[in-house]
$ cat upload24.txt   # compact mmCIF, N, CA and C atoms
# COMPACT_ATOMS: atom_id res chain seq x y z
N MET A 1 -38.88 -19.13 -0.40
CA MET A 1 -37.92 -19.83 -1.22
C MET A 1 -37.03 -18.84 -1.95
N LYS A 2 -35.76 -19.09 -1.92
CA LYS A 2 -34.87 -18.20 -2.63
C LYS A 2 -34.61 -18.74 -4.03
N ARG A 3 -34.41 -17.87 -4.94
CA ARG A 3 -34.10 -18.25 -6.31
C ARG A 3 -32.64 -17.92 -6.58
N GLU A 4 -31.92 -18.86 -7.13
CA GLU A 4 -30.51 -18.64 -7.42
C GLU A 4 -30.30 -18.68 -8.92
N SER A 5 -29.39 -17.85 -9.39
CA SER A 5 -29.16 -17.80 -10.82
C SER A 5 -28.01 -18.70 -11.27
N ARG A 6 -27.24 -19.24 -10.32
CA ARG A 6 -26.14 -20.10 -10.74
C ARG A 6 -26.69 -21.42 -11.28
N PRO A 7 -25.96 -22.03 -12.20
CA PRO A 7 -26.46 -23.26 -12.83
C PRO A 7 -26.49 -24.43 -11.85
N LEU A 8 -27.30 -25.41 -12.18
CA LEU A 8 -27.37 -26.62 -11.36
C LEU A 8 -26.10 -27.44 -11.54
N SER A 9 -25.73 -28.16 -10.49
CA SER A 9 -24.59 -29.07 -10.59
C SER A 9 -25.00 -30.27 -11.45
N ALA A 10 -24.02 -31.05 -11.85
CA ALA A 10 -24.31 -32.24 -12.66
C ALA A 10 -25.21 -33.20 -11.88
N ARG A 11 -24.95 -33.34 -10.58
CA ARG A 11 -25.75 -34.23 -9.76
C ARG A 11 -27.19 -33.71 -9.64
N GLN A 12 -27.36 -32.40 -9.47
CA GLN A 12 -28.70 -31.82 -9.40
C GLN A 12 -29.45 -32.00 -10.71
N GLU A 13 -28.74 -31.85 -11.82
CA GLU A 13 -29.35 -32.09 -13.14
C GLU A 13 -29.83 -33.53 -13.24
N ALA A 14 -29.00 -34.47 -12.77
CA ALA A 14 -29.36 -35.89 -12.84
C ALA A 14 -30.58 -36.17 -11.97
N VAL A 15 -30.62 -35.60 -10.77
CA VAL A 15 -31.77 -35.80 -9.88
C VAL A 15 -33.03 -35.21 -10.52
N MET A 16 -32.92 -34.03 -11.09
CA MET A 16 -34.08 -33.42 -11.76
C MET A 16 -34.58 -34.29 -12.90
N ALA A 17 -33.66 -34.85 -13.68
CA ALA A 17 -34.04 -35.70 -14.80
C ALA A 17 -34.79 -36.94 -14.30
N VAL A 18 -34.32 -37.53 -13.21
CA VAL A 18 -35.00 -38.70 -12.64
C VAL A 18 -36.39 -38.33 -12.15
N VAL A 19 -36.49 -37.23 -11.41
CA VAL A 19 -37.80 -36.80 -10.90
C VAL A 19 -38.76 -36.55 -12.06
N ARG A 20 -38.29 -35.83 -13.07
CA ARG A 20 -39.11 -35.50 -14.23
C ARG A 20 -39.62 -36.77 -14.93
N SER A 21 -38.70 -37.69 -15.22
CA SER A 21 -39.10 -38.90 -15.95
C SER A 21 -39.99 -39.81 -15.09
N TRP A 22 -39.71 -39.87 -13.78
CA TRP A 22 -40.51 -40.72 -12.89
C TRP A 22 -41.95 -40.20 -12.82
N ILE A 23 -42.09 -38.89 -12.70
CA ILE A 23 -43.44 -38.31 -12.64
C ILE A 23 -44.20 -38.58 -13.93
N ILE A 24 -43.52 -38.48 -15.05
CA ILE A 24 -44.16 -38.77 -16.34
C ILE A 24 -44.59 -40.23 -16.40
N GLU A 25 -43.74 -41.15 -15.96
CA GLU A 25 -44.03 -42.58 -16.02
C GLU A 25 -45.07 -43.04 -15.00
N HIS A 26 -44.98 -42.51 -13.77
CA HIS A 26 -45.78 -43.04 -12.67
C HIS A 26 -46.84 -42.09 -12.11
N GLY A 27 -46.81 -40.84 -12.52
CA GLY A 27 -47.81 -39.90 -12.05
C GLY A 27 -47.56 -39.34 -10.65
N GLU A 28 -46.46 -39.72 -10.03
CA GLU A 28 -46.08 -39.20 -8.72
C GLU A 28 -44.57 -39.21 -8.63
N GLY A 29 -44.05 -38.52 -7.61
CA GLY A 29 -42.60 -38.44 -7.45
C GLY A 29 -42.00 -39.74 -6.98
N PRO A 30 -40.71 -39.95 -7.26
CA PRO A 30 -40.01 -41.15 -6.80
C PRO A 30 -39.62 -41.04 -5.33
N THR A 31 -39.32 -42.17 -4.71
CA THR A 31 -38.82 -42.16 -3.34
C THR A 31 -37.33 -41.80 -3.38
N ILE A 32 -36.79 -41.51 -2.23
CA ILE A 32 -35.36 -41.19 -2.13
C ILE A 32 -34.52 -42.37 -2.62
N ARG A 33 -34.91 -43.58 -2.24
CA ARG A 33 -34.15 -44.77 -2.66
C ARG A 33 -34.22 -44.97 -4.18
N GLU A 34 -35.37 -44.70 -4.78
CA GLU A 34 -35.51 -44.84 -6.23
C GLU A 34 -34.64 -43.81 -6.96
N ILE A 35 -34.59 -42.60 -6.43
CA ILE A 35 -33.73 -41.58 -7.04
C ILE A 35 -32.27 -42.00 -6.90
N GLY A 36 -31.89 -42.42 -5.70
CA GLY A 36 -30.51 -42.84 -5.45
C GLY A 36 -30.07 -43.96 -6.38
N ALA A 37 -30.94 -44.93 -6.58
CA ALA A 37 -30.61 -46.05 -7.46
C ALA A 37 -30.38 -45.59 -8.90
N ARG A 38 -31.14 -44.62 -9.33
CA ARG A 38 -31.01 -44.15 -10.72
C ARG A 38 -29.83 -43.22 -10.94
N VAL A 39 -29.42 -42.47 -9.92
CA VAL A 39 -28.30 -41.54 -10.10
C VAL A 39 -27.00 -42.06 -9.51
N GLY A 40 -27.04 -43.25 -8.90
CA GLY A 40 -25.82 -43.85 -8.38
C GLY A 40 -25.41 -43.36 -7.00
N LEU A 41 -26.38 -42.95 -6.18
CA LEU A 41 -26.10 -42.55 -4.80
C LEU A 41 -26.68 -43.59 -3.86
N SER A 42 -25.84 -44.17 -3.02
CA SER A 42 -26.35 -45.18 -2.08
C SER A 42 -26.79 -44.55 -0.76
N SER A 43 -26.33 -43.34 -0.49
CA SER A 43 -26.68 -42.66 0.75
C SER A 43 -27.99 -41.88 0.57
N THR A 44 -29.00 -42.26 1.36
CA THR A 44 -30.28 -41.55 1.26
C THR A 44 -30.16 -40.10 1.73
N SER A 45 -29.22 -39.84 2.64
CA SER A 45 -29.05 -38.46 3.10
C SER A 45 -28.46 -37.58 1.99
N SER A 46 -27.63 -38.15 1.13
CA SER A 46 -27.09 -37.40 -0.01
C SER A 46 -28.20 -37.05 -1.00
N VAL A 47 -29.10 -37.98 -1.24
CA VAL A 47 -30.22 -37.72 -2.13
C VAL A 47 -31.13 -36.65 -1.51
N ALA A 48 -31.42 -36.78 -0.22
CA ALA A 48 -32.27 -35.81 0.46
C ALA A 48 -31.65 -34.41 0.41
N TYR A 49 -30.34 -34.33 0.56
CA TYR A 49 -29.64 -33.05 0.47
C TYR A 49 -29.86 -32.42 -0.91
N GLN A 50 -29.67 -33.21 -1.96
CA GLN A 50 -29.87 -32.68 -3.32
C GLN A 50 -31.31 -32.22 -3.53
N LEU A 51 -32.26 -32.98 -3.01
CA LEU A 51 -33.67 -32.61 -3.14
C LEU A 51 -33.97 -31.31 -2.38
N ARG A 52 -33.38 -31.16 -1.20
CA ARG A 52 -33.58 -29.91 -0.44
C ARG A 52 -33.02 -28.72 -1.20
N GLN A 53 -31.86 -28.91 -1.84
CA GLN A 53 -31.26 -27.83 -2.62
C GLN A 53 -32.18 -27.42 -3.78
N LEU A 54 -32.75 -28.42 -4.44
CA LEU A 54 -33.67 -28.14 -5.55
C LEU A 54 -34.95 -27.48 -5.05
N GLU A 55 -35.41 -27.88 -3.88
CA GLU A 55 -36.60 -27.29 -3.29
C GLU A 55 -36.33 -25.83 -2.91
N GLU A 56 -35.16 -25.54 -2.35
CA GLU A 56 -34.81 -24.17 -2.00
C GLU A 56 -34.71 -23.28 -3.22
N ARG A 57 -34.32 -23.85 -4.35
CA ARG A 57 -34.23 -23.09 -5.60
C ARG A 57 -35.60 -22.89 -6.25
N GLY A 58 -36.62 -23.54 -5.72
CA GLY A 58 -37.96 -23.40 -6.27
C GLY A 58 -38.24 -24.27 -7.48
N LEU A 59 -37.41 -25.30 -7.71
CA LEU A 59 -37.59 -26.17 -8.87
C LEU A 59 -38.52 -27.34 -8.59
N ILE A 60 -38.60 -27.76 -7.33
CA ILE A 60 -39.54 -28.80 -6.93
C ILE A 60 -40.21 -28.36 -5.64
N SER A 61 -41.33 -28.96 -5.34
CA SER A 61 -41.99 -28.71 -4.06
C SER A 61 -42.64 -30.01 -3.63
N ARG A 62 -43.02 -30.06 -2.36
CA ARG A 62 -43.67 -31.25 -1.82
C ARG A 62 -45.06 -30.87 -1.34
N THR A 63 -46.01 -31.79 -1.55
CA THR A 63 -47.35 -31.56 -1.04
C THR A 63 -47.52 -32.20 0.33
N GLY A 64 -46.60 -33.05 0.71
CA GLY A 64 -46.62 -33.71 2.00
C GLY A 64 -45.21 -33.79 2.55
N ARG A 65 -45.04 -34.59 3.58
CA ARG A 65 -43.73 -34.72 4.20
C ARG A 65 -42.80 -35.62 3.39
N GLU A 66 -43.35 -36.58 2.67
CA GLU A 66 -42.55 -37.53 1.90
C GLU A 66 -42.05 -36.92 0.59
N TRP A 67 -40.86 -37.33 0.18
CA TRP A 67 -40.34 -36.84 -1.10
C TRP A 67 -41.11 -37.41 -2.28
N SER A 68 -41.79 -38.53 -2.10
CA SER A 68 -42.56 -39.08 -3.21
C SER A 68 -43.76 -38.18 -3.53
N SER A 69 -44.03 -37.21 -2.67
CA SER A 69 -45.11 -36.25 -2.96
C SER A 69 -44.58 -35.01 -3.68
N CYS A 70 -43.32 -35.06 -4.14
CA CYS A 70 -42.76 -33.88 -4.79
C CYS A 70 -43.35 -33.69 -6.17
N ARG A 71 -43.35 -32.45 -6.59
CA ARG A 71 -43.82 -32.11 -7.94
C ARG A 71 -42.89 -31.05 -8.50
N LEU A 72 -42.88 -30.96 -9.81
CA LEU A 72 -42.03 -29.99 -10.49
C LEU A 72 -42.70 -28.63 -10.47
N GLU A 73 -41.92 -27.60 -10.31
CA GLU A 73 -42.42 -26.24 -10.34
C GLU A 73 -41.92 -25.58 -11.61
N THR A 74 -42.72 -24.69 -12.14
CA THR A 74 -42.31 -23.93 -13.31
C THR A 74 -41.47 -22.75 -12.84
N PRO A 75 -40.21 -22.68 -13.27
CA PRO A 75 -39.38 -21.57 -12.83
C PRO A 75 -39.97 -20.24 -13.29
N LYS A 76 -40.00 -19.29 -12.38
CA LYS A 76 -40.53 -17.97 -12.71
C LYS A 76 -39.36 -17.06 -13.06
N PRO A 77 -39.55 -16.18 -14.03
CA PRO A 77 -38.46 -15.26 -14.37
C PRO A 77 -38.18 -14.33 -13.19
N PRO A 78 -36.95 -13.87 -13.06
CA PRO A 78 -36.63 -12.96 -11.96
C PRO A 78 -37.43 -11.67 -12.08
N ARG A 79 -37.82 -11.14 -10.93
CA ARG A 79 -38.58 -9.88 -10.93
C ARG A 79 -37.64 -8.74 -11.22
N ARG A 80 -38.13 -7.80 -11.98
CA ARG A 80 -37.34 -6.61 -12.29
C ARG A 80 -37.92 -5.44 -11.53
N GLY A 81 -37.04 -4.59 -11.10
CA GLY A 81 -37.49 -3.39 -10.40
C GLY A 81 -38.09 -2.39 -11.37
N LEU A 82 -38.86 -1.49 -10.84
CA LEU A 82 -39.43 -0.43 -11.67
C LEU A 82 -38.38 0.60 -12.00
N ARG A 83 -38.41 1.06 -13.20
CA ARG A 83 -37.47 2.11 -13.63
C ARG A 83 -38.16 3.46 -13.57
N SER A 84 -37.42 4.45 -13.16
CA SER A 84 -37.97 5.80 -13.23
C SER A 84 -37.48 6.43 -14.51
N ARG A 85 -38.28 7.25 -15.08
CA ARG A 85 -37.90 7.86 -16.38
C ARG A 85 -37.26 9.18 -16.19
$ encode --input "upload24.txt" --output "structure tokens"
Amino acid sequence: MKRESRPLSARQEAVMAVVRSWIIEHGEGPTIREIGARVGLSSTSSVAYQLRQLEERGLISRTGREWSSCRLETPKPPRRGLRSR
């Protein structure tokens, strides 16, 4: 997984907020259709694209093939190289 330092888009922020609140309320991740309904996306492929982007950034992961198995990941600070003195 690659880590990117650029900020999340507004849509990615909205998807993350839905995933976060859904997991808190229900104990598991939402389906693609549930996310789409909450963020105003009717295309399931658009929602899946946003989820893949978040997964590539290391912010969410899946334990299975379904997106409802997604979980939040704790972002790790970027690794720093060793300095020579």
$ closest_residue --input "upload24.txt" --among "A:Gly64, A:Arg52, A:Ile35, A:Ser43" --to "A:Ala14" --atoms "all atoms listed in the file"
A:Ile35
$ closest_residue --input "upload24.txt" --among "A:Arg57, A:Leu8, A:Val18, A:Thr74" --to "A:Ala37" --atoms "only C-alpha atoms"
A:Val18
$ residues_around --input "upload24.txt" --residues "A:Val15" --least-positions-apart "6" --cutoff "8 Å" --atoms "all atoms listed in the file" --output "number ranges by chain"
A: 9, 21, 35-36, 38-39, 50-51
$ residues_around --input "upload24.txt" --residues "A:Leu59" --least-positions-apart "4" --cutoff "5 Å" --atoms "all atoms listed in the file" --output "list in words"
Leu54, Glu55, Leu72 and Glu73 of chain A
$ closest_residue --input "upload24.txt" --among "A:Arg33, A:Arg20, A:Arg62, A:Arg71" --to "A:Val47" --atoms "all atoms listed in the file"
A:Arg33
$ atom_distance --input "upload24.txt" --atom1 "atom C of A:Arg6" --atom2 "atom CA of A:Glu25"
27.8 Å
$ atom_distance --input "upload24.txt" --atom1 "atom CA of A:Ile24" --atom2 "atom CA of A:Ser45"
24.6 Å
$ atom_distance --input "upload24.txt" --atom1 "atom N of A:Gly40" --atom2 "atom CA of A:Thr63"
24.7 Å
$ decode --input "upload24.txt" --residues "stretch 8-82 of chain A" --atoms "C-alpha atoms" --output "tab-separated table (two decimals), in the first residue's frame"
chain	number	residue	atom	x	y	z
A	8	LEU	CA	-8.28	13.82	0.85
A	9	SER	CA	-10.85	15.19	-1.57
A	10	ALA	CA	-14.18	16.40	-0.22
A	11	ARG	CA	-15.84	13.23	-1.53
A	12	GLN	CA	-13.21	11.01	0.13
A	13	GLU	CA	-13.71	12.88	3.40
A	14	ALA	CA	-17.47	12.29	3.12
A	15	VAL	CA	-16.99	8.57	2.42
A	16	MET	CA	-14.60	8.26	5.38
A	17	ALA	CA	-17.11	10.00	7.65
A	18	VAL	CA	-19.86	7.58	6.57
A	19	VAL	CA	-17.64	4.53	7.07
A	20	ARG	CA	-16.52	5.80	10.49
A	21	SER	CA	-20.03	6.55	11.74
A	22	TRP	CA	-21.50	3.34	10.29
A	23	ILE	CA	-18.88	1.19	12.01
A	24	ILE	CA	-19.58	2.97	15.30
A	25	GLU	CA	-23.35	2.47	14.92
A	26	HIS	CA	-23.42	-1.06	13.48
A	27	GLY	CA	-20.10	-2.68	14.36
A	28	GLU	CA	-19.27	-3.42	10.71
A	29	GLY	CA	-18.66	-1.50	7.51
A	30	PRO	CA	-21.49	-0.23	5.30
A	31	THR	CA	-22.30	-1.64	1.88
A	32	ILE	CA	-21.49	0.32	-1.26
A	33	ARG	CA	-25.17	1.21	-1.69
A	34	GLU	CA	-25.43	2.45	1.91
A	35	ILE	CA	-22.37	4.66	1.43
A	36	GLY	CA	-23.73	5.96	-1.88
A	37	ALA	CA	-27.08	6.84	-0.33
A	38	ARG	CA	-25.41	8.82	2.46
A	39	VAL	CA	-22.95	10.75	0.27
A	40	GLY	CA	-25.29	11.30	-2.68
A	41	LEU	CA	-23.70	8.94	-5.22
A	42	SER	CA	-26.09	6.73	-7.17
A	43	SER	CA	-23.33	4.92	-9.09
A	44	THR	CA	-21.94	1.97	-7.13
A	45	SER	CA	-18.81	2.05	-9.29
A	46	SER	CA	-18.14	5.65	-8.16
A	47	VAL	CA	-18.40	4.58	-4.53
A	48	ALA	CA	-16.15	1.57	-5.16
A	49	TYR	CA	-13.59	3.85	-6.82
A	50	GLN	CA	-13.51	6.14	-3.78
A	51	LEU	CA	-13.16	3.14	-1.46
A	52	ARG	CA	-10.27	1.76	-3.54
A	53	GLN	CA	-8.53	5.14	-3.34
A	54	LEU	CA	-8.90	5.14	0.45
A	55	GLU	CA	-7.67	1.56	0.62
A	56	GLU	CA	-4.60	2.42	-1.48
A	57	ARG	CA	-3.84	5.27	0.92
A	58	GLY	CA	-3.94	2.84	3.83
A	59	LEU	CA	-6.92	4.49	5.54
A	60	ILE	CA	-9.25	1.49	5.27
A	61	SER	CA	-8.77	-2.20	4.67
A	62	ARG	CA	-11.00	-5.18	4.00
A	63	THR	CA	-10.99	-8.51	5.78
A	64	GLY	CA	-12.94	-10.13	2.94
A	65	ARG	CA	-13.98	-9.44	-0.61
A	66	GLU	CA	-17.04	-7.36	0.34
A	67	TRP	CA	-16.74	-3.68	1.22
A	68	SER	CA	-18.97	-4.26	4.23
A	69	SER	CA	-15.96	-6.06	5.73
A	70	CYS	CA	-13.91	-2.86	5.64
A	71	ARG	CA	-12.32	-1.46	8.76
A	72	LEU	CA	-10.54	1.75	9.59
A	73	GLU	CA	-6.77	1.75	9.78
A	74	THR	CA	-4.71	3.98	12.01
A	75	PRO	CA	-2.53	6.15	9.79
A	76	LYS	CA	1.13	5.56	10.48
A	77	PRO	CA	3.56	8.48	10.46
A	78	PRO	CA	5.90	8.57	7.48
A	79	ARG	CA	9.18	6.75	7.98
A	80	ARG	CA	12.24	8.90	8.28
A	81	GLY	CA	15.60	7.91	6.97
A	82	LEU	CA	18.59	7.55	9.24
